[in-house]
Amino acid sequence: MEEVTAAVPPPAPIEDYAMVGDLLTAALISKEGSVDWLCLPRFDSAACFAALLHDASAGRWLLAPARAAATGGRATARRYRGDSLVLETEWHTPDGTVRVVDCMPPRTGGADLVRLVEGVTGRVDMRMELRLRFDYGHIVPWVTRSDGDLRAVAGPDAVWLHTPVETRGEHLTTLADFTVGAGQSVPFVLTHHPSHLRRPEPADAERAVTGTERFWADWMSGCRYDGGWQGAVRRALVTLKGLTYAPTGGILAAATTSLPEQPGGTRNWDYRHCWLRDSTFTLQALLSAGFLDEARAWREWLLRAAAGDPAQLRIMYALDGARRIPETELPWLAGYHGARPVRAGNAAADQLQLDVWGEVLDSLHLARETGLAVDTTAWDLQRMLLDYLQDHWDDPDNSLWEVRGDRRQFVHSKVLAWAALDRAVRSVHRHNLPGPAGRWAALRDRIHREVCDKGYDPRRNTFTQFYGSRGLDAALLLLPRVGFLPWHDPRIRGTVEAVGRELCEDGLVLRYRTDADGGDVDGLPGTEGAFLACSFWYANALHGIGRTDEARELFEHLLALRNDVGLLSEEYDVRTGRHLGNTPQAFSMVGLVNTARFLSGRPIETSARGTAQTPGSPPPGPGGR
Ligand SMILES: OC[C@H]1O[C@H](O[C@H]2O[C@H](CO)[C@@H](O)[C@H](O)[C@H]2O)[C@H](O)[C@@H](O)[C@@H]1O
């Protein structure tokens, strides 16, 4: 990585990043006005701005008042415009107030990142610094001027900068100094396209901003969420939509790779892929708010991705449904504040995670219950998945936490195998779909008995992480949610209380204790922060067992951990009060939506609705247990 003579700033705190995106990719922008992460042309492409995982020399695009740019000064205020992904960053300076409006308009040709500098009051000297580094900071492009614009090319990538402002090159960086007065606006449009193709027409900045706002307002007009915490829920829904890949209907786990789960640690993973688990959770949150189109698109995506031998079902796929996502390291990047390795691709793709069968069957059943028309091909796929599950439900697996240690008999995995069969039986009965409901029901009941026998420790009155384990697992909080046992069952109450005692740190929840059962269950060095999705699950569970005041208090606490524009990463460091892990993370935003619903007295949308979903509900009928 080449050094420039000017200071090379490190990445900002994770919670300083806001996201803008065009449903094919997303940019992360810091409070200093710096685009520190952008993969083009899609979420999982190589980044052309990778400062987030190294420092500014790995590529970034800064637009800020000159004074702030020299000192790393952060903006005074930031906000999204309404329910959109149009971001406004504002600096109040001694010379006046200036605003940068950032967005990525819905794509028509190339990918555009639009930055509009607006003078609000006074006259403010501004600084632009553009450092493009293709292939995750690795490649310095060839920069030339053409048609009055700047053109950067290297290998398959071409990027243009279109602006009326005069630019100059210094130390392999494009710089501009200009002044913006009250009422003036100065546009910058960055356009990416494959280098072998003709340059697409650059977006008109002002029209792009209004068009992007309109796109999001139209989308949000379909929102049917009528519970409490409207602002937080709507922002979460917009973020989840921003993590969908429009061309295929695939849904990402997060917009980044390798933001660490432990400061300076090695638990750094690539989340720019479609986990069946994470995407079904996202889908449930979107469905619960009335967004049926996303469910339709995702079902189509799943049918294509999972087509073929059910034994070859993967737990995650690429955005387009491709199966090979080999995990590699990018050794030239120093990592986020030294957290290495930086990884692209994810070896967990090769794992067996039995919960995925339950999540897929549950989501497809929910989609039918919510109004999506029955699709016979989708039902054929579900039957094939069930055939496979019948022969493999008792195999040890890697669990939803994707442990890299030995496979084990994880309790949550077995419960989700139960859920898969339960949803199959319900589908036959409620939707007249063909299938051996009696055989499925018998196996479902057998799994239920086995879990209650081997996965529950009567001495401690709690379910355990795996059969015979001394450890706990926050995923056990989901047992009532999928309808396995009702909230009022003493074993559920005992499990919720055990999680509160053993997995809580400063009121937030760990997935599991990395030192439990000899300390090698997840097979990874180091520890990690509190897991935000699990903390939301705990708030749900507290409400479920009737401790509603504590549930609300925890939920409000979790809301307060969102950054200034409403985003959550994967984990939280209770010692430093900082976000940890990839961001924004769908799991966390889904937790927010579901908990707001549940605390607002709305049922959580899984297809077990009506059995064990309501706090204090009476014992459910067959299948709900
Ligand atoms: O901690 C080990 C594992 O961490 C990642 O997985 C986590 O994120 C996934 C995406 O959000 C989620 O589906 C999973 O439940 C989480 O455990 C990582 O992707 C794995 O490779 C890693 O083994």
# chains A, B, ... in the order shown; residues from 1 in each chain; ligands from 1
>>> residues_near_ligand(ligand="ligand 1", cutoff="7 Å", atoms="only C-alpha atoms and all ligand atoms", output="ChimeraX atom specification")
/A:253-254,267,269-271,275,277-278,346-348,400-404,587
>>> write_last_selection(atoms="N, CA and C atoms", output="mmCIF file, in the first residue's frame")
data_model
loop_
_atom_site.group_PDB
_atom_site.id
_atom_site.type_symbol
_atom_site.label_atom_id
_atom_site.label_comp_id
_atom_site.auth_asym_id
_atom_site.auth_seq_id
_atom_site.Cartn_x
_atom_site.Cartn_y
_atom_site.Cartn_z
ATOM 1 N N ALA A 253 -26.555 -10.687 4.830
ATOM 2 C CA ALA A 253 -26.493 -10.635 6.299
ATOM 3 C C ALA A 253 -26.016 -9.259 6.766
ATOM 4 N N ALA A 254 -25.098 -8.639 6.043
ATOM 5 C CA ALA A 254 -24.605 -7.292 6.397
ATOM 6 C C ALA A 254 -23.846 -6.739 5.196
ATOM 7 N N ARG A 267 -11.764 -12.857 14.946
ATOM 8 C CA ARG A 267 -13.120 -13.276 14.551
ATOM 9 C C ARG A 267 -13.691 -12.245 13.588
ATOM 10 N N TRP A 269 -15.316 -11.857 9.792
ATOM 11 C CA TRP A 269 -15.948 -12.701 8.776
ATOM 12 C C TRP A 269 -16.609 -11.864 7.702
ATOM 13 N N ASP A 270 -16.785 -12.494 6.569
ATOM 14 C CA ASP A 270 -17.428 -11.817 5.437
ATOM 15 C C ASP A 270 -18.931 -12.102 5.458
ATOM 16 N N TYR A 271 -19.730 -11.058 5.605
ATOM 17 C CA TYR A 271 -21.199 -11.207 5.716
ATOM 18 C C TYR A 271 -21.933 -10.760 4.458
ATOM 19 N N TRP A 275 -27.275 -15.821 3.761
ATOM 20 C CA TRP A 275 -27.505 -16.959 4.663
ATOM 21 C C TRP A 275 -28.993 -17.286 4.600
ATOM 22 N N ARG A 277 -30.608 -18.612 6.935
ATOM 23 C CA ARG A 277 -31.125 -18.221 8.258
ATOM 24 C C ARG A 277 -31.374 -16.712 8.321
ATOM 25 N N ASP A 278 -30.340 -15.922 8.053
ATOM 26 C CA ASP A 278 -30.471 -14.466 8.193
ATOM 27 C C ASP A 278 -31.540 -13.933 7.247
ATOM 28 N N ASN A 346 -16.591 -17.104 2.815
ATOM 29 C CA ASN A 346 -16.872 -17.585 4.168
ATOM 30 C C ASN A 346 -16.926 -19.113 4.178
ATOM 31 N N ALA A 347 -16.000 -19.709 4.933
ATOM 32 C CA ALA A 347 -15.894 -21.174 4.963
ATOM 33 C C ALA A 347 -17.085 -21.825 5.651
ATOM 34 N N ALA A 348 -17.866 -21.041 6.387
ATOM 35 C CA ALA A 348 -19.062 -21.617 7.014
ATOM 36 C C ALA A 348 -20.053 -22.108 5.957
ATOM 37 N N LEU A 400 -26.489 -22.918 14.537
ATOM 38 C CA LEU A 400 -26.688 -21.587 13.925
ATOM 39 C C LEU A 400 -25.509 -20.668 14.168
ATOM 40 N N TRP A 401 -24.701 -20.970 15.192
ATOM 41 C CA TRP A 401 -23.546 -20.109 15.467
ATOM 42 C C TRP A 401 -22.331 -20.508 14.657
ATOM 43 N N GLU A 402 -22.484 -21.518 13.825
ATOM 44 C CA GLU A 402 -21.440 -21.846 12.847
ATOM 45 C C GLU A 402 -20.125 -22.186 13.522
ATOM 46 N N VAL A 403 -20.205 -22.997 14.582
ATOM 47 C CA VAL A 403 -18.972 -23.302 15.312
ATOM 48 C C VAL A 403 -17.988 -23.988 14.380
ATOM 49 N N ARG A 404 -16.736 -23.698 14.605
ATOM 50 C CA ARG A 404 -15.683 -24.312 13.793
ATOM 51 C C ARG A 404 -14.979 -25.415 14.587
ATOM 52 N N PHE A 587 -29.515 -9.250 11.166
ATOM 53 C CA PHE A 587 -29.928 -9.952 12.396
ATOM 54 C C PHE A 587 -30.355 -8.952 13.481
#
>>> residues_around(residues="Ser427 in chain A", least_positions_apart="4", cutoff="12 Å", atoms="only C-alpha atoms", output="list in words")
Leu361, Asp362, Ser363, Leu364, His365, Leu366, Ala367, Arg368, Glu369, Val374, Trp379, Gln382, Arg383, Ala420, Leu421, Asp422, Arg423, His431, Asn432, Leu433, Pro434, Gly435, Pro436, Ala437, Trp440, Ala441, Ser607 and Ala608 of chain A
>>> write_last_selection(atoms="C-alpha atoms", output="PDB file, in the first residue's frame")
ATOM      1  CA  LEU A 361     -39.962 -24.252   5.988  1.00  0.00           C
ATOM      2  CA  ASP A 362     -41.182 -21.768   8.592  1.00  0.00           C
ATOM      3  CA  SER A 363     -40.714 -18.750   6.310  1.00  0.00           C
ATOM      4  CA  LEU A 364     -42.353 -20.354   3.304  1.00  0.00           C
ATOM      5  CA  HIS A 365     -45.284 -21.414   5.467  1.00  0.00           C
ATOM      6  CA  LEU A 366     -45.519 -17.912   6.910  1.00  0.00           C
ATOM      7  CA  ALA A 367     -45.489 -16.432   3.403  1.00  0.00           C
ATOM      8  CA  ARG A 368     -48.468 -18.652   2.523  1.00  0.00           C
ATOM      9  CA  GLU A 369     -50.254 -17.686   5.728  1.00  0.00           C
ATOM     10  CA  VAL A 374     -49.172 -21.373  -3.091  1.00  0.00           C
ATOM     11  CA  TRP A 379     -43.873 -27.070  -2.204  1.00  0.00           C
ATOM     12  CA  GLN A 382     -40.028 -28.248   0.663  1.00  0.00           C
ATOM     13  CA  ARG A 383     -40.960 -31.925   0.369  1.00  0.00           C
ATOM     14  CA  ALA A 420     -39.564 -27.901   9.877  1.00  0.00           C
ATOM     15  CA  LEU A 421     -41.762 -30.968  10.388  1.00  0.00           C
ATOM     16  CA  ASP A 422     -44.341 -28.986  12.324  1.00  0.00           C
ATOM     17  CA  ARG A 423     -44.717 -26.469   9.479  1.00  0.00           C
ATOM     18  CA  HIS A 431     -53.400 -25.362   2.740  1.00  0.00           C
ATOM     19  CA  ASN A 432     -54.471 -28.760   1.461  1.00  0.00           C
ATOM     20  CA  LEU A 433     -51.007 -29.509   0.203  1.00  0.00           C
ATOM     21  CA  PRO A 434     -50.140 -33.153  -0.532  1.00  0.00           C
ATOM     22  CA  GLY A 435     -47.761 -34.994   1.812  1.00  0.00           C
ATOM     23  CA  PRO A 436     -47.396 -37.772   4.440  1.00  0.00           C
ATOM     24  CA  ALA A 437     -48.613 -35.625   7.337  1.00  0.00           C
ATOM     25  CA  TRP A 440     -44.114 -36.161   9.594  1.00  0.00           C
ATOM     26  CA  ALA A 441     -46.185 -35.663  12.749  1.00  0.00           C
ATOM     27  CA  SER A 607     -45.982 -19.408  11.357  1.00  0.00           C
ATOM     28  CA  ALA A 608     -46.373 -20.775  14.887  1.00  0.00           C
TER      29      ALA A 608
END
>>> select_by_dssp(residues="range 500-624 of chain A", states="helix (DSSP H, G or I)", output="PyMOL selection string")
chain A and resi 500-502+516-519+532-544+548-560+586-599
>>> select_by_dssp(residues="range 128-373 of chain A", states="strand (DSSP E or B)", output="PyMOL selection string")
chain A and resi 128-131+139+142-146+149-154+157-162+168-170+173-181+185-194+244-245+250-251+254+257+270+274-275+316-317+328-329+336+339+343-344
>>> atom_distance(atom1="CA of Phe134 in chain A", atom2="CA of Pro11 in chain A")
17.8 Å
>>> closest_residue(among="A:Arg323, A:Gly526, A:Leu485, A:Gly601", to="His543 in chain A", atoms="only C-alpha atoms")
A:Gly601
>>> residues_around(residues="range 154-167 of chain A", least_positions_apart="3", cutoff="10 Å", atoms="only C-alpha atoms", output="number ranges by chain")
A: 40-41, 48, 110-116, 128-130, 132-135, 139-151, 170, 174-179, 186-200, 202-205
>>> residues_around(residues="range 333-339 of chain A", least_positions_apart="2", cutoff="12 Å", atoms="only C-alpha atoms", output="number ranges by chain")
A: 1-2, 9-14, 36-37, 47, 50-59, 135-138, 256-269, 329-331, 341-344, 526, 580-582
>>> write_last_selection(atoms="N, CA and C atoms", output="CSV table (one decimal), in the first residue's frame")
chain,number,residue,atom,x,y,z
A,1,MET,N,0.9,-1.2,0.0
A,1,MET,CA,0.0,0.0,0.0
A,1,MET,C,0.9,1.2,0.0
A,2,GLU,N,0.7,2.1,-0.9
A,2,GLU,CA,1.6,3.3,-1.0
A,2,GLU,C,1.2,4.3,0.1
A,9,PRO,N,-5.5,8.9,7.8
A,9,PRO,CA,-6.3,8.6,9.0
A,9,PRO,C,-6.8,7.2,9.0
A,10,PRO,N,-6.9,6.6,10.2
A,10,PRO,CA,-7.5,5.3,10.4
A,10,PRO,C,-9.0,5.3,10.2
A,11,PRO,N,-9.6,4.1,10.2
A,11,PRO,CA,-11.1,4.1,10.1
A,11,PRO,C,-11.7,4.7,11.3
A,12,ALA,N,-12.9,5.2,11.1
A,12,ALA,CA,-13.7,5.8,12.2
A,12,ALA,C,-14.3,4.7,13.1
A,13,PRO,N,-14.8,5.0,14.3
A,13,PRO,CA,-15.5,4.0,15.1
A,13,PRO,C,-16.7,3.4,14.2
A,14,ILE,N,-16.9,2.1,14.4
A,14,ILE,CA,-17.9,1.4,13.6
A,14,ILE,C,-19.3,2.2,13.6
A,36,ASP,N,-15.7,5.3,3.2
A,36,ASP,CA,-14.6,4.4,3.6
A,36,ASP,C,-14.9,3.0,3.1
A,37,TRP,N,-16.0,2.7,2.5
A,37,TRP,CA,-16.3,1.3,2.1
A,37,TRP,C,-17.3,1.4,0.9
A,47,ALA,N,-13.8,-4.1,-3.1
A,47,ALA,CA,-14.0,-2.7,-2.7
A,47,ALA,C,-13.1,-1.8,-3.5
A,50,ALA,N,-11.6,0.9,0.5
A,50,ALA,CA,-11.4,-0.1,1.6
A,50,ALA,C,-10.7,0.5,2.8
A,51,ALA,N,-10.8,1.9,3.0
A,51,ALA,CA,-10.2,2.5,4.2
A,51,ALA,C,-10.7,1.9,5.4
A,52,LEU,N,-12.0,1.4,5.4
A,52,LEU,CA,-12.6,0.8,6.6
A,52,LEU,C,-11.7,-0.3,7.2
A,53,LEU,N,-11.0,-1.0,6.3
A,53,LEU,CA,-10.3,-2.2,6.8
A,53,LEU,C,-8.8,-2.0,6.7
A,54,HIS,N,-8.4,-0.7,6.7
A,54,HIS,CA,-6.9,-0.5,6.7
A,54,HIS,C,-6.7,1.0,7.2
A,55,ASP,N,-6.5,1.9,6.3
A,55,ASP,CA,-6.5,3.3,6.5
A,55,ASP,C,-6.8,4.0,5.2
A,56,ALA,N,-6.8,5.3,5.2
A,56,ALA,CA,-7.2,6.0,4.0
A,56,ALA,C,-6.4,5.6,2.8
A,57,SER,N,-5.2,5.1,2.9
A,57,SER,CA,-4.4,4.7,1.7
A,57,SER,C,-5.0,3.5,1.0
A,58,ALA,N,-6.0,2.8,1.6
A,58,ALA,CA,-6.7,1.7,0.9
A,58,ALA,C,-7.9,2.2,0.1
A,59,GLY,N,-8.0,3.6,0.0
A,59,GLY,CA,-9.1,4.1,-0.8
A,59,GLY,C,-10.2,4.7,0.0
A,135,ASP,N,-9.8,-3.5,-6.2
A,135,ASP,CA,-9.4,-4.8,-5.6
A,135,ASP,C,-9.0,-4.6,-4.1
A,136,TYR,N,-9.9,-4.1,-3.3
A,136,TYR,CA,-9.7,-3.9,-1.9
A,136,TYR,C,-8.4,-3.2,-1.5
A,137,GLY,N,-8.2,-2.0,-2.1
A,137,GLY,CA,-7.1,-1.2,-1.8
A,137,GLY,C,-5.8,-1.6,-2.5
A,138,HIS,N,-5.9,-2.6,-3.4
A,138,HIS,CA,-4.6,-3.2,-3.9
A,138,HIS,C,-4.1,-2.5,-5.1
A,256,THR,N,-20.8,-5.5,5.1
A,256,THR,CA,-19.3,-5.4,5.2
A,256,THR,C,-18.7,-6.8,5.4
A,257,THR,N,-17.4,-6.8,5.4
A,257,THR,CA,-16.6,-8.0,5.8
A,257,THR,C,-15.6,-7.6,6.8
A,258,SER,N,-15.4,-8.5,7.8
A,258,SER,CA,-14.2,-8.4,8.6
A,258,SER,C,-14.2,-7.3,9.7
A,259,LEU,N,-15.3,-6.7,9.9
A,259,LEU,CA,-15.3,-5.8,11.1
A,259,LEU,C,-15.3,-6.7,12.3
A,260,PRO,N,-14.4,-6.5,13.2
A,260,PRO,CA,-14.1,-7.6,14.2
A,260,PRO,C,-15.2,-7.7,15.3
A,261,GLU,N,-15.3,-9.0,15.8
A,261,GLU,CA,-16.2,-9.3,16.9
A,261,GLU,C,-15.5,-9.0,18.3
A,262,GLN,N,-14.2,-8.9,18.2
A,262,GLN,CA,-13.4,-8.5,19.4
A,262,GLN,C,-12.4,-7.5,18.9
A,263,PRO,N,-12.2,-6.4,19.6
A,263,PRO,CA,-11.2,-5.4,19.2
A,263,PRO,C,-9.9,-6.0,18.9
A,264,GLY,N,-9.3,-5.8,17.8
A,264,GLY,CA,-8.0,-6.4,17.4
A,264,GLY,C,-8.0,-7.9,17.3
A,265,GLY,N,-9.1,-8.5,17.3
A,265,GLY,CA,-9.2,-10.0,17.3
A,265,GLY,C,-9.2,-10.6,15.9
A,266,THR,N,-9.4,-11.9,15.9
A,266,THR,CA,-9.4,-12.6,14.6
A,266,THR,C,-10.7,-13.1,14.1
A,267,ARG,N,-11.8,-12.9,14.9
A,267,ARG,CA,-13.1,-13.3,14.6
A,267,ARG,C,-13.7,-12.2,13.6
A,268,ASN,N,-13.2,-12.3,12.4
A,268,ASN,CA,-13.5,-11.3,11.4
A,268,ASN,C,-14.0,-12.1,10.1
A,269,TRP,N,-15.3,-11.9,9.8
A,269,TRP,CA,-15.9,-12.7,8.8
A,269,TRP,C,-16.6,-11.9,7.7
A,329,GLU,N,-7.9,-14.8,2.5
A,329,GLU,CA,-7.5,-13.7,3.3
A,329,GLU,C,-6.9,-12.6,2.4
A,330,LEU,N,-7.0,-11.4,2.8
A,330,LEU,CA,-6.5,-10.3,2.0
A,330,LEU,C,-5.3,-9.7,2.9
A,331,PRO,N,-4.1,-10.3,2.8
A,331,PRO,CA,-3.0,-9.9,3.7
A,331,PRO,C,-2.5,-8.5,3.6
A,341,PRO,N,-7.1,-11.6,10.4
A,341,PRO,CA,-7.1,-11.3,9.0
A,341,PRO,C,-8.3,-10.7,8.5
A,342,VAL,N,-8.2,-10.0,7.4
A,342,VAL,CA,-9.4,-9.6,6.6
A,342,VAL,C,-9.7,-10.7,5.7
A,343,ARG,N,-11.0,-11.1,5.7
A,343,ARG,CA,-11.4,-12.3,4.9
A,343,ARG,C,-12.4,-11.8,3.8
A,344,ALA,N,-12.4,-12.5,2.7
A,344,ALA,CA,-13.4,-12.4,1.7
A,344,ALA,C,-13.9,-13.9,1.4
A,526,GLY,N,-9.9,-16.4,21.3
A,526,GLY,CA,-10.5,-15.1,21.6
A,526,GLY,C,-11.9,-15.2,22.1
A,580,LEU,N,-19.4,-3.4,17.6
A,580,LEU,CA,-18.4,-4.4,17.1
A,580,LEU,C,-19.1,-5.2,16.0
A,581,GLY,N,-18.3,-5.8,15.1
A,581,GLY,CA,-18.8,-6.7,14.1
A,581,GLY,C,-19.3,-5.9,12.9
A,582,ASN,N,-19.7,-6.8,11.9
A,582,ASN,CA,-20.2,-6.2,10.6
A,582,ASN,C,-21.4,-5.3,10.8
>>> closest_residue(among="A:Val565, A:Ala586, A:Val238, A:Leu352", to="Ser30 in chain A", atoms="only C-alpha atoms")
A:Val565
>>> atom_distance(atom1="CA of Arg74 in chain A", atom2="CA of His92 in chain A")
10.3 Å
